[in-house]
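Below is the file final_15.csv, which contains CSV, C-alpha atoms.
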```csv
chain,number,residue,atom,x,y,z
A,1,MET,CA,41.3,235.5,187.0
A,2,LEU,CA,44.7,234.2,187.8
A,3,THR,CA,44.6,231.3,190.3
A,4,LEU,CA,48.0,230.2,191.7
A,5,LYS,CA,48.1,226.4,191.3
A,6,ARG,CA,51.8,225.7,192.1
A,7,ILE,CA,55.2,227.1,192.6
A,8,LEU,CA,57.8,224.9,190.8
A,9,ASN,CA,60.9,223.8,192.7
A,10,ARG,CA,59.6,225.1,196.0
A,11,ALA,CA,58.3,223.2,199.0
A,12,VAL,CA,56.0,226.0,200.2
A,13,ASN,CA,53.3,227.2,197.8
A,14,VAL,CA,52.1,230.2,199.7
A,15,PRO,CA,53.2,233.7,198.6
A,16,GLU,CA,53.3,236.5,201.1
A,17,PRO,CA,50.8,239.3,200.3
A,18,GLN,CA,51.5,243.0,200.9
A,19,ARG,CA,49.5,246.2,200.7
A,20,LEU,CA,50.5,248.4,197.7
A,21,SER,CA,49.3,251.6,196.2
A,22,LEU,CA,47.3,251.8,193.0
A,23,SER,CA,47.8,254.4,190.3
A,24,ALA,CA,44.2,255.5,190.8
A,25,GLU,CA,41.3,254.4,193.0
A,26,ALA,CA,39.7,251.3,191.6
A,27,THR,CA,37.7,248.2,192.3
A,28,VAL,CA,40.0,245.2,192.0
A,29,GLU,CA,39.1,241.7,191.1
A,30,GLU,CA,40.7,238.7,192.7
A,31,GLY,CA,43.6,237.4,190.7
A,32,ALA,CA,44.2,240.5,188.6
A,33,PRO,CA,47.8,241.0,187.3
A,34,PHE,CA,49.7,244.3,188.0
A,35,ALA,CA,53.1,245.8,187.5
A,36,LEU,CA,54.9,248.2,189.8
A,37,LYS,CA,55.7,251.4,188.0
A,38,ASP,CA,56.9,254.6,189.6
A,39,GLY,CA,56.0,253.2,193.1
A,40,VAL,CA,52.4,252.4,192.3
A,41,LEU,CA,50.6,249.3,190.8
A,42,THR,CA,49.4,249.5,187.2
A,43,ALA,CA,46.9,246.9,185.8
A,44,MET,CA,48.1,244.6,183.1
A,45,LYS,CA,45.8,244.6,180.1
A,46,ASP,CA,45.8,243.3,176.5
A,47,ASN,CA,48.1,246.0,175.2
A,48,THR,CA,50.8,246.3,177.8
A,49,ASP,CA,54.5,246.1,177.3
A,50,PHE,CA,55.4,244.7,180.7
A,51,ILE,CA,55.3,241.4,182.6
A,52,PRO,CA,53.1,241.4,185.8
A,53,GLN,CA,55.0,241.6,189.0
A,54,PHE,CA,52.0,241.2,191.4
A,55,VAL,CA,48.6,239.5,191.5
A,56,SER,CA,45.7,240.8,193.6
A,57,TYR,CA,45.0,238.6,196.6
A,58,ARG,CA,41.3,239.2,196.8
A,59,LYS,CA,38.4,241.3,195.4
A,60,GLU,CA,38.4,244.8,196.9
A,61,ALA,CA,35.9,247.6,196.5
A,62,ALA,CA,37.0,251.1,195.3
A,63,LYS,CA,40.3,251.8,197.1
A,64,LYS,CA,43.6,253.4,196.5
A,65,THR,CA,45.5,250.3,197.7
A,66,VAL,CA,45.3,246.6,197.1
A,67,LEU,CA,46.5,243.5,198.8
A,68,ALA,CA,48.8,241.6,196.3
A,69,TYR,CA,51.5,239.0,196.2
A,70,PRO,CA,54.7,239.1,194.1
A,71,VAL,CA,55.0,236.9,191.0
A,72,ASN,CA,58.1,235.0,190.0
A,73,GLU,CA,58.9,232.8,187.0
A,74,ASP,CA,58.3,229.6,188.9
A,75,MET,CA,54.6,230.3,189.6
A,76,VAL,CA,52.1,228.3,187.5
A,77,PHE,CA,48.6,229.9,187.3
A,78,GLU,CA,45.3,228.7,186.0
A,79,ILE,CA,43.4,231.1,183.8
A,80,PRO,CA,40.2,230.8,181.7
A,81,LEU,CA,40.4,231.2,177.9
A,82,SER,CA,38.5,234.0,176.2
A,83,ASP,CA,38.9,232.3,172.8
A,84,ALA,CA,38.9,228.7,171.5
A,85,PRO,CA,42.4,227.2,171.8
A,86,ALA,CA,42.5,225.5,168.4
A,87,SER,CA,45.7,227.2,167.2
A,88,MET,CA,47.4,227.7,170.5
A,89,ILE,CA,50.8,226.1,171.1
A,90,GLU,CA,52.3,225.3,174.5
A,91,GLY,CA,55.4,227.3,175.2
A,92,LYS,CA,54.2,230.3,173.1
A,93,GLU,CA,53.4,233.7,174.6
A,94,TYR,CA,49.7,234.9,174.3
A,95,LEU,CA,48.1,238.2,175.3
A,96,LEU,CA,45.7,238.6,178.2
A,97,SER,CA,42.2,239.9,177.6
A,98,GLU,CA,41.3,243.5,177.8
A,99,ASP,CA,40.4,243.2,181.5
A,100,GLY,CA,43.5,241.0,182.2
A,101,LEU,CA,41.4,238.2,183.7
A,102,SER,CA,41.5,235.7,180.8
A,103,LEU,CA,43.9,234.5,178.1
A,104,THR,CA,43.3,235.2,174.4
A,105,ALA,CA,44.5,233.1,171.5
A,106,THR,CA,46.4,236.1,170.1
A,107,ALA,CA,50.1,235.6,170.1
A,108,ALA,CA,52.2,238.3,171.7
A,109,SER,CA,54.2,240.3,169.2
A,110,GLY,CA,56.2,243.5,169.0
A,111,SER,CA,56.5,245.2,172.4
A,112,TYR,CA,53.2,243.7,173.8
A,113,ARG,CA,53.7,241.1,176.5
A,114,GLY,CA,51.4,238.3,177.8
A,115,ALA,CA,51.7,234.9,179.4
A,116,LEU,CA,53.5,231.7,178.3
A,117,LEU,CA,51.1,228.8,177.7
A,118,PHE,CA,52.4,226.2,180.1
A,119,ASP,CA,49.8,223.4,179.6
A,120,LEU,CA,46.5,223.3,177.6
A,121,ALA,CA,45.2,221.0,180.3
A,122,GLY,CA,42.6,219.5,177.9
A,123,ALA,CA,41.0,222.8,177.0
A,124,GLU,CA,38.8,222.7,173.9
A,125,GLN,CA,36.7,225.8,174.0
A,126,ALA,CA,36.5,229.4,175.3
A,127,THR,CA,36.0,229.5,179.1
A,128,ASP,CA,38.0,226.3,179.6
A,129,LYS,CA,41.0,226.8,181.9
A,130,VAL,CA,44.7,226.4,181.0
A,131,LEU,CA,47.9,226.7,182.9
A,132,ILE,CA,50.3,229.6,182.3
A,133,ARG,CA,53.6,231.1,183.5
A,134,PHE,CA,55.0,234.6,183.1
A,135,PRO,CA,58.3,234.9,181.3
A,136,ARG,CA,61.3,236.6,182.9
A,137,ALA,CA,61.3,240.3,182.2
```
Write out the structure in this file as structure tokens.
Amino acid sequence: MLTLKRILNRAVNVPEPQRLSLSAEATVEEGAPFALKDGVLTAMKDNTDFIPQFVSYRKEAAKKTVLAYPVNEDMVFEIPLSDAPASMIEGKEYLLSEDGLSLTATAASGSYRGALLFDLAGAEQATDKVLIRFPRA
């Protein structure tokens, strides 16, 4: 789950949520990343070739729309790890987990996109939380 911790270079740290359509009816977890494609939101997973443009604002039961806020490159998010961070390096891009709610230790490669590790924040094992940012598209 992505938790917005800070917006760099900004005095106000509150993004404006908006209601957007999903590609299919789904139950959405709080803090899930999405991209806007062809006018509808598509969930970001471990094998996507895009950078998220929106994050869900709250958990919502099966609906065709979701309340979400836009993502920009100045946002710093906290996210749990799905793997131990022993070989992870700050500043490198890593893939999200299959459900998009945690960060793996697998480096992004080829056309697959993930998140930039901003700060390990003392993480030593899986489930510890780290800080990430999303690179510019």
Mind listing as a PDB file with C-alpha atoms, keeping the file's coordinate frame all residues within 6 Å of (47.2, 241.0, 194.1), counting only C-alpha atoms?
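Once written, out15.pdb looks like this:
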```pdb
ATOM      1  CA  PHE A  54      52.000 241.200 191.400  1.00  0.00           C
ATOM      2  CA  VAL A  55      48.600 239.500 191.500  1.00  0.00           C
ATOM      3  CA  SER A  56      45.700 240.800 193.600  1.00  0.00           C
ATOM      4  CA  TYR A  57      45.000 238.600 196.600  1.00  0.00           C
ATOM      5  CA  LEU A  67      46.500 243.500 198.800  1.00  0.00           C
ATOM      6  CA  ALA A  68      48.800 241.600 196.300  1.00  0.00           C
ATOM      7  CA  TYR A  69      51.500 239.000 196.200  1.00  0.00           C
TER       8      TYR A  69
END
```
Each residue of range 16-63 of chain A lying at most 7 Å from range 94-110 of chain A should get a row with its shortest atom-to-atom pair and the distance in Å to one decimal, counting all atoms listed in the file; could you produce that, ordered by chain and increasing number, as JSON lines?
```
{"residue": "A:Ala32", "atom": "CA", "partner": "A:Leu101", "partner_atom": "CA", "distance": 6.1}
{"residue": "A:Pro33", "atom": "CA", "partner": "A:Gly100", "partner_atom": "CA", "distance": 6.7}
{"residue": "A:Met44", "atom": "CA", "partner": "A:Gly100", "partner_atom": "CA", "distance": 5.9}
{"residue": "A:Lys45", "atom": "CA", "partner": "A:Gly100", "partner_atom": "CA", "distance": 4.8}
{"residue": "A:Asp46", "atom": "CA", "partner": "A:Glu98", "partner_atom": "CA", "distance": 4.7}
```
Residues just named, written with C-alpha atoms as an mmCIF file, keeping the file's coordinate frame:
```cif
data_model
loop_
_atom_site.group_PDB
_atom_site.id
_atom_site.type_symbol
_atom_site.label_atom_id
_atom_site.label_comp_id
_atom_site.auth_asym_id
_atom_site.auth_seq_id
_atom_site.Cartn_x
_atom_site.Cartn_y
_atom_site.Cartn_z
ATOM 1 C CA ALA A 32 44.200 240.500 188.600
ATOM 2 C CA PRO A 33 47.800 241.000 187.300
ATOM 3 C CA MET A 44 48.100 244.600 183.100
ATOM 4 C CA LYS A 45 45.800 244.600 180.100
ATOM 5 C CA ASP A 46 45.800 243.300 176.500
#
```
Counting all atoms listed in the file, figure out which residue out of A:Gly114, A:Gly31, A:Gly39, A:Gly122 gets nearest to Pro85 in chain A.
A:Gly122
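Here CA of Ile7 in chain A is placed at a distance of 6.1 Å from CA of Val76 in chain A.
For the residues A:Val14, A:Leu22, A:Met75, A:Ala84, ranking by smallest atom-to-atom distance to Arg136 in chain A using only C-alpha atoms places A:Met75 first.
When CA of Thr127 in chain A is paired with CA of Val66 in chain A, their separation reads 26.5 Å.
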Name the residues, using the chain letters and numbers of the file, that sit within 9 Å of (48.5, 227.0, 181.2) when counting all atoms listed in the file, and give them as an NGL selection string.
:A and (76-79 or 90 or 115-121 or 129-133)
One-decimal distance in Å that lies between CA of Lys92 in chain A and CA of Asn9 in chain A:
21.7 Å
Looking at A:Ser82, A:Gln125, A:Ser111, A:Thr3, which one is nearest to Glu29 in chain A, with distances taken over all atoms listed in the file?
A:Thr3
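If all atoms listed in the file are the atoms counted, then among A:Asp128, A:Arg113, A:Ser87, A:Pro17 the closest residue to Asn47 in chain A is A:Arg113.
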Which residues are close to Ala35 in chain A, i.e. within 6 Å by all atoms listed in the file, leaving aside same-chain residues fewer than 4 positions away? Reply as a PyMOL selection string.
chain A and resi 41-42+52-53
Selected residue of minimal separation from Glu16 in chain A among A:Ala43, A:Ala126, A:Ile89, A:Val71, counting all atoms listed in the file:
A:Val71
All heavy atoms restored at range 33-44 of chain A, emitted as a tab-separated table (two decimals), in the frame of the given file:
```tsv
chain	number	residue	atom	x	y	z
A	33	PRO	N	46.31	240.81	187.41
A	33	PRO	CA	47.80	241.00	187.30
A	33	PRO	C	48.11	242.53	187.31
A	33	PRO	O	47.41	243.33	186.70
A	33	PRO	CB	48.13	240.38	186.01
A	33	PRO	CG	46.89	240.48	185.17
A	33	PRO	CD	45.73	240.41	186.13
A	34	PHE	N	49.22	242.88	187.96
A	34	PHE	CA	49.70	244.30	188.00
A	34	PHE	C	51.20	244.33	187.89
A	34	PHE	O	51.90	243.36	188.16
A	34	PHE	CB	49.36	244.87	189.41
A	34	PHE	CG	47.90	245.08	189.65
A	34	PHE	CD1	47.13	244.10	190.26
A	34	PHE	CD2	47.29	246.27	189.28
A	34	PHE	CE1	45.78	244.29	190.49
A	34	PHE	CE2	45.94	246.48	189.51
A	34	PHE	CZ	45.18	245.48	190.11
A	35	ALA	N	51.69	245.51	187.50
A	35	ALA	CA	53.10	245.80	187.50
A	35	ALA	C	53.37	247.00	188.36
A	35	ALA	O	52.52	247.88	188.47
A	35	ALA	CB	53.63	246.05	186.08
A	36	LEU	N	54.52	247.05	188.98
A	36	LEU	CA	54.90	248.20	189.80
A	36	LEU	C	55.67	249.17	188.96
A	36	LEU	O	56.74	248.86	188.45
A	36	LEU	CB	55.76	247.69	190.99
A	36	LEU	CG	56.04	248.66	192.11
A	36	LEU	CD1	54.75	249.11	192.78
A	36	LEU	CD2	56.96	248.03	193.15
A	37	LYS	N	55.09	250.36	188.76
A	37	LYS	CA	55.70	251.40	188.00
A	37	LYS	C	55.68	252.70	188.72
A	37	LYS	O	54.60	253.13	189.14
A	37	LYS	CB	55.01	251.56	186.61
A	37	LYS	CG	55.22	250.41	185.67
A	37	LYS	CD	54.77	250.78	184.28
A	37	LYS	CE	55.28	249.73	183.32
A	37	LYS	NZ	55.30	250.19	181.96
A	38	ASP	N	56.82	253.31	188.90
A	38	ASP	CA	56.90	254.60	189.60
A	38	ASP	C	56.31	254.48	191.02
A	38	ASP	O	55.66	255.41	191.49
A	38	ASP	CB	56.28	255.72	188.84
A	38	ASP	CG	56.93	255.93	187.48
A	38	ASP	OD1	58.17	255.78	187.40
A	38	ASP	OD2	56.21	256.21	186.51
A	39	GLY	N	56.47	253.35	191.68
A	39	GLY	CA	56.00	253.20	193.10
A	39	GLY	C	54.55	252.84	193.24
A	39	GLY	O	54.09	252.72	194.38
A	40	VAL	N	53.80	252.71	192.16
A	40	VAL	CA	52.40	252.40	192.30
A	40	VAL	C	52.07	251.19	191.30
A	40	VAL	O	52.77	250.98	190.32
A	40	VAL	CB	51.45	253.55	191.93
A	40	VAL	CG1	51.58	254.64	192.98
A	40	VAL	CG2	51.71	254.10	190.56
A	41	LEU	N	51.01	250.45	191.60
A	41	LEU	CA	50.60	249.30	190.80
A	41	LEU	C	49.81	249.80	189.55
A	41	LEU	O	48.93	250.66	189.67
A	41	LEU	CB	49.77	248.33	191.55
A	41	LEU	CG	50.51	247.56	192.63
A	41	LEU	CD1	49.55	246.60	193.33
A	41	LEU	CD2	51.69	246.79	192.07
A	42	THR	N	50.10	249.23	188.39
A	42	THR	CA	49.40	249.50	187.20
A	42	THR	C	48.82	248.19	186.66
A	42	THR	O	49.54	247.18	186.59
A	42	THR	CB	50.35	250.09	186.09
A	42	THR	OG1	50.94	251.28	186.62
A	42	THR	CG2	49.62	250.40	184.81
A	43	ALA	N	47.53	248.17	186.30
A	43	ALA	CA	46.90	246.90	185.80
A	43	ALA	C	47.43	246.48	184.51
A	43	ALA	O	47.71	247.28	183.63
A	43	ALA	CB	45.37	247.18	185.73
A	44	MET	N	47.60	245.16	184.37
A	44	MET	CA	48.10	244.60	183.10
A	44	MET	C	46.84	244.30	182.25
A	44	MET	O	45.89	243.67	182.70
A	44	MET	CB	48.85	243.30	183.35
A	44	MET	CG	49.43	242.74	182.08
A	44	MET	SD	50.55	241.40	182.42
A	44	MET	CE	51.06	240.98	180.78
```
